[in-house]
file protein.cif (mmCIF, C-alpha atoms)
data_target
#
loop_
_atom_site.label_atom_id
_atom_site.label_comp_id
_atom_site.auth_asym_id
_atom_site.auth_seq_id
_atom_site.Cartn_x
_atom_site.Cartn_y
_atom_site.Cartn_z
CA MET A 1353 -32.03 -62.91 3.21
CA ILE A 1354 -30.67 -61.31 0.05
CA PHE A 1355 -33.46 -60.64 -2.43
CA LYS A 1356 -33.07 -62.47 -5.73
CA ASN A 1357 -36.63 -63.01 -6.91
CA ILE A 1358 -40.25 -62.54 -5.86
CA THR A 1359 -40.40 -65.81 -3.93
CA ASP A 1360 -37.81 -64.48 -1.48
CA ILE A 1361 -40.35 -61.96 -0.16
CA LYS A 1362 -42.72 -64.62 1.15
CA ALA A 1363 -39.80 -66.65 2.51
CA ALA A 1364 -38.40 -63.63 4.37
CA VAL A 1365 -41.75 -62.82 5.96
CA GLU A 1366 -42.29 -66.44 6.97
CA ALA A 1367 -38.82 -66.60 8.55
CA TYR A 1368 -39.51 -63.41 10.49
CA ARG A 1369 -42.90 -64.65 11.69
CA GLU A 1370 -41.40 -67.94 12.82
CA ALA A 1371 -38.83 -66.07 14.92
CA HIS A 1372 -41.33 -63.42 16.10
CA PRO A 1373 -44.82 -64.90 16.57
CA ALA A 1374 -47.32 -62.05 16.41
CA PRO A 1375 -50.68 -61.65 18.15
CA ALA A 1376 -53.79 -61.65 15.99
CA VAL A 1377 -54.89 -58.34 14.53
CA PRO A 1378 -58.42 -57.16 15.43
CA ALA A 1379 -60.98 -57.83 12.72
CA GLY A 1380 -61.09 -55.12 10.10
CA GLU A 1381 -57.64 -53.73 10.90
CA GLN A 1382 -54.53 -54.05 8.75
CA ARG A 1383 -51.45 -55.37 10.49
CA ILE A 1384 -48.77 -52.92 9.28
CA THR A 1385 -49.38 -49.29 10.24
CA ALA A 1386 -45.90 -47.79 10.71
CA ALA A 1387 -42.81 -47.46 8.48
CA LEU A 1388 -39.71 -46.72 10.55
CA CYS A 1389 -37.26 -45.04 8.18
CA ASP A 1390 -33.62 -44.12 8.46
CA MET A 1391 -32.66 -40.85 6.74
CA ASP A 1392 -29.06 -40.62 5.42
CA GLY A 1393 -28.44 -43.19 2.71
CA THR A 1394 -32.12 -44.17 2.78
CA LEU A 1395 -34.25 -41.06 2.19
CA TYR A 1396 -31.32 -38.97 0.92
CA ASP A 1397 -28.25 -39.86 -1.13
CA SER A 1398 -26.10 -38.10 1.45
CA MET A 1399 -23.65 -40.63 2.85
CA SER A 1400 -20.77 -39.78 0.50
CA ARG A 1401 -20.95 -36.21 1.79
CA HIS A 1402 -21.12 -37.26 5.42
CA SER A 1403 -18.15 -39.55 4.84
CA ALA A 1404 -16.17 -36.73 3.21
CA ALA A 1405 -16.99 -34.30 6.06
CA TRP A 1406 -16.03 -36.83 8.75
CA PHE A 1407 -12.83 -37.73 6.91
CA ARG A 1408 -11.83 -34.08 6.59
CA LEU A 1409 -12.45 -33.40 10.27
CA MET A 1410 -10.67 -36.47 11.57
CA THR A 1411 -7.59 -36.13 9.35
CA GLU A 1412 -7.26 -32.51 10.46
CA LEU A 1413 -7.24 -33.78 14.04
CA GLY A 1414 -4.57 -36.38 13.31
CA VAL A 1415 -6.88 -39.38 13.49
CA GLU A 1416 -5.83 -42.13 11.07
CA CYS A 1417 -8.90 -43.31 9.19
CA GLU A 1418 -10.26 -44.36 5.82
CA ARG A 1419 -12.98 -42.38 4.04
CA ASP A 1420 -15.25 -45.39 3.54
CA GLU A 1421 -15.09 -46.56 7.15
CA PHE A 1422 -17.61 -43.85 8.05
CA TYR A 1423 -20.29 -45.79 6.21
CA LEU A 1424 -19.88 -48.41 8.94
CA TYR A 1425 -20.52 -45.81 11.65
CA GLU A 1426 -23.72 -44.56 10.06
CA GLY A 1427 -26.54 -44.62 12.58
CA MET A 1428 -24.21 -44.02 15.51
CA THR A 1429 -24.76 -40.55 16.96
CA GLY A 1430 -22.18 -37.95 15.93
CA ALA A 1431 -21.03 -37.64 19.53
CA ASN A 1432 -20.44 -41.37 19.82
CA THR A 1433 -18.58 -41.41 16.49
CA ILE A 1434 -16.20 -38.75 17.80
CA ARG A 1435 -15.70 -40.57 21.10
CA HIS A 1436 -15.09 -43.89 19.34
CA LEU A 1437 -12.42 -42.48 17.03
CA PHE A 1438 -10.66 -40.49 19.75
CA LYS A 1439 -10.55 -43.54 21.98
CA ARG A 1440 -9.06 -45.59 19.14
CA ALA A 1441 -6.54 -42.96 18.07
CA PHE A 1442 -5.53 -41.35 21.35
CA ASP A 1443 -6.89 -43.65 24.06
CA THR A 1444 -8.81 -40.71 25.48
CA VAL A 1445 -12.32 -39.29 25.25
CA PRO A 1446 -13.01 -35.58 24.65
CA THR A 1447 -15.26 -33.58 26.96
CA ASP A 1448 -18.90 -32.98 26.08
CA GLU A 1449 -18.04 -29.38 25.17
CA GLU A 1450 -15.23 -30.52 22.87
CA VAL A 1451 -17.53 -33.11 21.28
CA ALA A 1452 -20.15 -30.43 20.58
CA GLU A 1453 -17.57 -28.13 19.00
CA LEU A 1454 -16.15 -30.90 16.82
CA TYR A 1455 -19.60 -32.03 15.67
CA HIS A 1456 -20.40 -28.41 14.77
CA ARG A 1457 -17.26 -28.31 12.61
CA LYS A 1458 -18.23 -31.55 10.91
CA THR A 1459 -21.69 -30.10 10.21
CA GLN A 1460 -20.10 -27.00 8.67
CA TYR A 1461 -17.94 -29.16 6.40
CA PHE A 1462 -21.04 -31.11 5.32
CA CYS A 1463 -22.88 -27.88 4.49
CA GLU A 1464 -20.01 -26.71 2.27
CA LEU A 1465 -20.57 -29.70 -0.04
CA PRO A 1466 -23.19 -29.86 -2.82
CA LYS A 1467 -26.75 -30.41 -1.60
CA PRO A 1468 -27.62 -34.13 -1.53
CA ASP A 1469 -30.37 -35.43 -3.79
CA VAL A 1470 -33.38 -37.36 -2.59
CA MET A 1471 -32.58 -41.07 -2.82
CA PRO A 1472 -34.04 -42.45 -6.08
CA GLY A 1473 -37.06 -44.61 -5.29
CA ALA A 1474 -37.55 -43.27 -1.75
CA GLN A 1475 -40.34 -40.82 -2.57
CA GLU A 1476 -42.25 -43.57 -4.39
CA LEU A 1477 -41.90 -45.86 -1.38
CA ILE A 1478 -43.10 -43.23 1.10
CA ARG A 1479 -46.03 -42.19 -1.14
CA PHE A 1480 -47.12 -45.82 -1.36
CA CYS A 1481 -46.94 -46.18 2.42
CA VAL A 1482 -49.05 -43.08 3.04
CA SER A 1483 -51.65 -44.09 0.44
CA HIS A 1484 -51.97 -47.50 2.11
CA GLY A 1485 -52.44 -46.36 5.69
CA VAL A 1486 -48.83 -46.75 6.84
CA ARG A 1487 -47.44 -43.77 8.79
CA PRO A 1488 -43.76 -42.94 8.18
CA VAL A 1489 -41.62 -42.41 11.30
CA LEU A 1490 -38.14 -40.90 11.02
CA VAL A 1491 -35.39 -42.77 12.91
CA THR A 1492 -32.01 -41.13 12.34
CA GLY A 1493 -28.75 -41.00 14.22
CA SER A 1494 -28.24 -37.49 12.86
CA GLY A 1495 -28.78 -34.25 14.69
CA GLN A 1496 -28.13 -32.06 11.64
CA ASN A 1497 -31.08 -29.94 10.58
CA THR A 1498 -29.58 -29.63 7.10
CA LEU A 1499 -31.66 -32.55 5.84
CA ILE A 1500 -34.26 -32.87 8.60
CA ASN A 1501 -35.57 -29.44 7.61
CA ARG A 1502 -36.00 -30.60 4.01
CA LEU A 1503 -38.30 -33.51 4.86
CA ASP A 1504 -41.59 -31.61 4.63
CA ALA A 1505 -40.84 -30.27 1.15
CA ASP A 1506 -39.19 -33.38 -0.25
CA TYR A 1507 -41.65 -35.88 1.24
CA ASP A 1508 -44.89 -33.89 1.14
CA ARG A 1509 -45.13 -33.61 4.96
CA ALA A 1510 -45.29 -37.39 5.33
CA PHE A 1511 -42.99 -37.32 8.38
CA SER A 1512 -44.98 -35.68 11.15
CA PRO A 1513 -42.80 -33.59 13.51
CA ASP A 1514 -44.05 -35.67 16.46
CA LEU A 1515 -42.91 -38.87 14.76
CA ARG A 1516 -39.17 -38.15 14.49
CA VAL A 1517 -36.41 -39.87 16.45
CA THR A 1518 -33.09 -38.02 16.17
CA SER A 1519 -29.81 -37.95 18.05
CA HIS A 1520 -31.21 -35.11 20.18
CA ILE A 1521 -33.59 -37.42 22.04
CA VAL A 1522 -31.78 -40.77 22.31
CA LYS A 1523 -29.23 -41.75 24.92
CA ARG A 1524 -27.51 -44.68 23.24
CA GLY A 1525 -28.29 -44.63 19.52
CA LYS A 1526 -27.83 -47.38 16.94
CA PRO A 1527 -26.89 -50.29 17.10
CA ASP A 1528 -28.75 -50.27 20.42
CA PRO A 1529 -32.46 -50.98 19.84
CA GLU A 1530 -33.38 -47.79 21.72
CA PRO A 1531 -34.10 -45.60 18.63
CA TYR A 1532 -36.49 -48.12 17.08
CA LEU A 1533 -38.14 -48.96 20.39
CA MET A 1534 -38.69 -45.23 20.85
CA ALA A 1535 -40.15 -44.99 17.33
CA LEU A 1536 -42.58 -47.84 18.06
CA LYS A 1537 -43.71 -46.06 21.22
CA MET A 1538 -44.18 -42.80 19.31
CA ALA A 1539 -46.29 -44.59 16.68
CA GLY A 1540 -48.27 -46.46 19.33
CA VAL A 1541 -47.64 -49.89 17.81
CA ASP A 1542 -45.77 -53.05 18.74
CA ALA A 1543 -42.96 -54.50 16.64
CA SER A 1544 -45.24 -56.84 14.70
CA ARG A 1545 -47.15 -53.91 13.20
CA ALA A 1546 -44.22 -52.01 11.71
CA PHE A 1547 -41.20 -52.44 9.48
CA VAL A 1548 -37.78 -50.77 9.31
CA VAL A 1549 -35.99 -49.40 6.22
CA GLU A 1550 -32.21 -49.09 6.69
CA ASN A 1551 -29.01 -48.96 4.66
CA ALA A 1552 -26.29 -49.41 7.30
CA PRO A 1553 -25.20 -52.37 9.45
CA LEU A 1554 -25.61 -50.49 12.76
CA GLY A 1555 -29.13 -49.42 11.81
CA VAL A 1556 -30.04 -52.91 10.63
CA GLU A 1557 -28.80 -54.35 13.91
CA SER A 1558 -30.80 -51.75 15.85
CA GLY A 1559 -34.02 -52.56 14.00
CA ALA A 1560 -33.53 -56.31 14.28
CA ARG A 1561 -32.77 -56.08 18.01
CA ALA A 1562 -36.01 -54.13 18.43
CA GLY A 1563 -37.81 -57.14 16.97
CA VAL A 1564 -39.03 -55.35 13.83
CA PHE A 1565 -39.06 -56.75 10.28
CA THR A 1566 -36.01 -54.96 8.89
CA ILE A 1567 -35.60 -54.10 5.22
CA ALA A 1568 -32.01 -53.30 4.23
CA VAL A 1569 -31.15 -51.41 1.06
CA ALA A 1570 -27.59 -51.46 -0.31
CA THR A 1571 -27.27 -47.82 -1.36
CA GLY A 1572 -23.53 -47.44 -0.67
CA PRO A 1573 -20.29 -49.43 -0.74
CA ILE A 1574 -21.30 -51.83 2.05
CA PRO A 1575 -21.87 -55.32 0.57
CA ARG A 1576 -25.35 -56.83 0.76
CA GLU A 1577 -23.85 -59.75 2.64
CA THR A 1578 -22.76 -57.44 5.46
CA LEU A 1579 -26.30 -56.09 5.79
CA ASP A 1580 -27.64 -59.64 5.80
CA GLU A 1581 -25.20 -60.65 8.53
CA ALA A 1582 -26.23 -57.62 10.60
CA GLY A 1583 -29.71 -59.12 10.89
CA ALA A 1584 -31.73 -57.80 7.94
CA SER A 1585 -34.95 -59.68 7.23
CA ILE A 1586 -34.48 -58.97 3.51
CA VAL A 1587 -31.81 -57.06 1.55
CA PHE A 1588 -32.50 -55.18 -1.68
CA SER A 1589 -29.78 -54.00 -4.08
CA SER A 1590 -31.15 -50.46 -4.38
CA MET A 1591 -34.00 -48.25 -3.27
CA PRO A 1592 -35.67 -48.40 -6.71
CA GLU A 1593 -35.64 -52.21 -6.43
CA CYS A 1594 -37.11 -51.96 -2.94
CA ALA A 1595 -39.84 -49.58 -4.13
CA LYS A 1596 -40.66 -51.80 -7.11
CA PHE A 1597 -41.29 -54.90 -5.02
CA PHE A 1598 -42.62 -53.16 -1.92
CA PRO A 1599 -46.34 -53.64 -2.77
CA GLU A 1600 -45.82 -57.40 -2.72
CA LEU A 1601 -43.82 -57.18 0.49
CA LEU A 1602 -46.45 -55.08 2.27
CA GLU A 1603 -49.17 -57.49 1.15
CA CYS A 1604 -47.23 -60.41 2.65
CA LEU A 1605 -46.59 -58.52 5.89
CA ASN A 1606 -50.29 -57.70 6.18
CA ASN A 1607 -51.44 -61.31 5.66
#
call {"tool": "encode", "arguments": {"input": "protein.cif", "output": "structure tokens"}}
result
Amino acid sequence: MIFKNITDIKAAVEAYREAHPAPAVPAGEQRITAALCDMDGTLYDSMSRHSAAWFRLMTELGVECERDEFYLYEGMTGANTIRHLFKRAFDTVPTDEEVAELYHRKTQYFCELPKPDVMPGAQELIRFCVSHGVRPVLVTGSGQNTLINRLDADYDRAFSPDLRVTSHIVKRGKPDPEPYLMALKMAGVDASRAFVVENAPLGVESGARAGVFTIAVATGPIPRETLDEAGASIVFSSMPECAKFFPELLECLNN
């Protein structure tokens, strides 16, 4: 559902609950206790740099591609992105050693670009979660420490090191539900007691397939309609819009 006004929040929660009946919450407990958050394009305004680094690497290798297509691969592990593009371009798949070397090059290209800013509105959203008893859990397809190592400083240590799902510990990655199922297990909650925040179709699909209420935020060139079609429970036009209406959304999810 694409957010247009405040009434859409209640409608989105009701639609989710109809599709995913939830067990009763013990007396005195709040329902929502975990926020499962993507990183690139959600916590950081970094996707234009990732796209530029991927485009540089792949054009150097002779892979025909468009710069903006890498927004569609966001959430896929770097290794799977390389394998996908090589299979498409050359009908072959590089070895694990070649994949590691190529991903290292891509990471170097990313680091040469200006440092990404924190996504506007994201710090407000995370602060609100923490102050209302909701633990943030990182769920990223990235394995780059460039941004992961900034989380403590930029988000006031909200993302505990033992609550981080990265490409280093998943086998399949988004759009498979594995990353979000792993995040639920880390947080010790079932799908009805969490929500997802994503900005990419593959991540939205992953969260939805894990059975979690999935908030999509259109922070890049991908149309809101594409995020909606990927399975988002509700789609906001920006992170500031999401942060502004999040108190009402959390209240509905908790009721």
call {"tool": "resolve_selection", "arguments": {"input": "protein.cif", "expression": "the PyMOL selection byres ((chain A and resi 1602) around 10)", "output": "list in words"}}
result
Ile1361, Val1365, Arg1383, Ile1384, Phe1480, Cys1481, His1484, Val1486, Phe1547, Phe1597, Phe1598, Pro1599, Glu1600, Leu1601, Glu1603, Cys1604, Leu1605, Asn1606 and Asn1607 of chain A
call {"tool": "residues_around", "arguments": {"input": "protein.cif", "residues": "Arg1576 in chain A", "least_positions_apart": "6", "cutoff": "9 Å", "atoms": "all atoms listed in the file", "output": "count of residues only"}}
result
7
call {"tool": "closest_residue", "arguments": {"input": "protein.cif", "among": "A:Met1471, A:Leu1477, A:Met1428, A:Cys1594", "to": "Glu1530 in chain A", "atoms": "all atoms listed in the file"}}
result
A:Met1428
call {"tool": "resolve_selection", "arguments": {"input": "protein.cif", "expression": "the PyMOL selection byres ((chain A and resi 1406) around 9)", "output": "list in words"}}
result
Arg1401, His1402, Ser1403, Ala1404, Ala1405, Phe1407, Arg1408, Leu1409, Met1410, Thr1411, Arg1419, Phe1422, Lys1458, Thr1459, Tyr1461 and Phe1462 of chain A
call {"tool": "closest_residue", "arguments": {"input": "protein.cif", "among": "A:Glu1449, A:Glu1426, A:Glu1412, A:Glu1370", "to": "Ile1574 in chain A", "atoms": "all atoms listed in the file"}}
result
A:Glu1426
call {"tool": "closest_residue", "arguments": {"input": "protein.cif", "among": "A:Tyr1425, A:Val1564, A:Pro1575, A:Arg1487", "to": "Pro1527 in chain A", "atoms": "all atoms listed in the file"}}
result
A:Tyr1425
call {"tool": "closest_residue", "arguments": {"input": "protein.cif", "among": "A:Asp1469, A:Lys1596, A:Ile1478, A:Glu1557", "to": "Asn1357 in chain A", "atoms": "all atoms listed in the file"}}
result
A:Lys1596
call {"tool": "closest_residue", "arguments": {"input": "protein.cif", "among": "A:Gly1555, A:Ala1510, A:Leu1503, A:Tyr1423", "to": "Ser1483 in chain A", "atoms": "all atoms listed in the file"}}
result
A:Ala1510
call {"tool": "atom_distance", "arguments": {"input": "protein.cif", "atom1": "CA of Ser1519 in chain A", "atom2": "CA of Val1470 in chain A"}}
result
21.0 Å
